[in-house]
Amino acid sequence: MTCFARVRHTVSPLAAAVIGAAAFLVCVSLARADNAADGARIWKEKAGCPDCHGWAGDGFSSAFHAEGAAPSLRKTQLTRDQIRETIQCGRPGTPMPHFDRFAYSGDKRCYGLTAEDLGDQKPNRSPVTLQPYEIDAVADYVASEIKGSGRVTQEECNDYFGPGRAACGSYPVTASGSSAR
């Protein structure tokens, strides 16, 4: 009899269910962490998110060098699923584009609306199309790494741009430190 078989016979069905659920949650957490790492790469290299939201998701646009080009995702109250829908469908009536090439194509996949329903409020299509798994990855990255992360720190700047970047010195060492941002 193997060790597993012995354990299986000595563990109650409830305990086995709890152990199984815990193992499942660990696997889901690890998958989300891997997905978030992919999301960081897509955020930075493919989707162009820093152009509007800033490299740190703080609303300080990388392209326009001004606060307010897009909301700070560090302060967002959106859930992970709402973040995902926003990436997929854009934000009607705002500059936030949709990354799903089939958004508003008639099947009401976005906010239950079609292009006709929205009229001139329909978001523009991003020049970059993201696949559903890429949208998931960016949503996981924003929800787990950016949302609620407080003030931008030197460590985050160095992680993003690489160590020794002079501009990173303008950020506090810790999120509780003082900074111009």
# chains A, B, ... in the order shown; residues from 1 in each chain; ligands from 1
>>> select_by_dssp(residues="segment 33-141 of chain A", states="alpha helix (DSSP H)", output="ChimeraX atom specification")
/A:33-41,50-53,80-89,115-118,132-141
>>> residues_around(residues="Phe102 of chain A", least_positions_apart="5", cutoff="12 Å", atoms="only C-alpha atoms", output="MDAnalysis selection string")
chainID A and resid 88:90 107:110 114:115 124:126 129:132
>>> closest_residue(among="A:Asp159, A:Asp34, A:Asp100, A:Glu85", to="Ala47 of chain A", atoms="only C-alpha atoms")
A:Asp100
>>> residues_around(residues="Arg84 of chain A", least_positions_apart="4", cutoff="7 Å", atoms="only C-alpha atoms", output="PyMOL selection string")
chain A and resi 80+88+135-136+139
>>> write_last_selection(atoms="N, CA and C atoms", output="compact mmCIF listing (two decimals), in the first residue's frame")
# COMPACT_ATOMS: atom_id res chain seq x y z
N ARG A 80 -11.59 42.93 -10.08
CA ARG A 80 -10.79 42.34 -11.15
C ARG A 80 -11.65 42.11 -12.39
N GLN A 88 -11.36 44.94 -22.05
CA GLN A 88 -12.01 44.31 -23.20
C GLN A 88 -12.87 45.31 -23.97
N ILE A 135 -6.04 39.74 -22.17
CA ILE A 135 -6.90 40.64 -21.38
C ILE A 135 -6.96 40.14 -19.94
N ASP A 136 -7.11 38.82 -19.76
CA ASP A 136 -7.10 38.23 -18.41
C ASP A 136 -5.80 38.55 -17.70
N ALA A 139 -5.62 42.19 -16.66
CA ALA A 139 -6.56 42.39 -15.54
C ALA A 139 -5.97 41.83 -14.25
>>> residues_around(residues="Arg91 of chain A", least_positions_apart="3", cutoff="12 Å", atoms="only C-alpha atoms", output="ChimeraX atom specification")
/A:70-71,82-88,94-99,103-104,110-111,113,118,121-126
>>> residues_around(residues="Gln77 of chain A", least_positions_apart="6", cutoff="12 Å", atoms="only C-alpha atoms", output="list of chain:residue names")
A:Pro71, A:Ile83, A:Val142, A:Ala143, A:Ile146, A:Lys147, A:Gly148
>>> atom_distance(atom1="atom CA of Ala56 of chain A", atom2="atom CA of Val152 of chain A")
6.9 Å
>>> closest_residue(among="A:Ser105, A:Thr76, A:Gln154, A:Ser170", to="His53 of chain A", atoms="only C-alpha atoms")
A:Thr76
>>> residues_around(residues="Trp55 of chain A", least_positions_apart="5", cutoff="12 Å", atoms="only C-alpha atoms", output="PyMOL selection string")
chain A and resi 40-41+43-45+47-50+60-65+70+72-74+142+146+152+156-161
>>> residues_around(residues="Ala137 of chain A", least_positions_apart="2", cutoff="8 Å", atoms="only C-alpha atoms", output="short mmCIF file (atom, residue, chain, number, x, y, z; two decimals) with C-alpha atoms, in the first residue's frame")
data_model
loop_
_atom_site.label_atom_id
_atom_site.label_comp_id
_atom_site.auth_asym_id
_atom_site.auth_seq_id
_atom_site.Cartn_x
_atom_site.Cartn_y
_atom_site.Cartn_z
CA ARG A 32 -2.80 34.18 -11.22
CA ASN A 35 -0.70 35.50 -15.33
CA ALA A 36 0.12 38.79 -13.58
CA ALA A 37 3.75 38.50 -14.73
CA ASP A 38 2.53 38.02 -18.30
CA GLY A 39 0.15 40.93 -17.77
CA ALA A 40 3.02 43.20 -16.70
CA ILE A 42 1.70 43.00 -22.05
CA TYR A 133 -6.01 35.33 -22.30
CA GLU A 134 -3.99 38.56 -22.68
CA ILE A 135 -6.90 40.64 -21.38
CA ALA A 139 -6.56 42.39 -15.54
CA ASP A 140 -4.72 40.08 -13.12
CA TYR A 141 -1.68 42.39 -13.20
#
>>> closest_residue(among="A:Lys75, A:Gly106, A:Gly169, A:Gly93", to="Gly57 of chain A", atoms="only C-alpha atoms")
A:Lys75
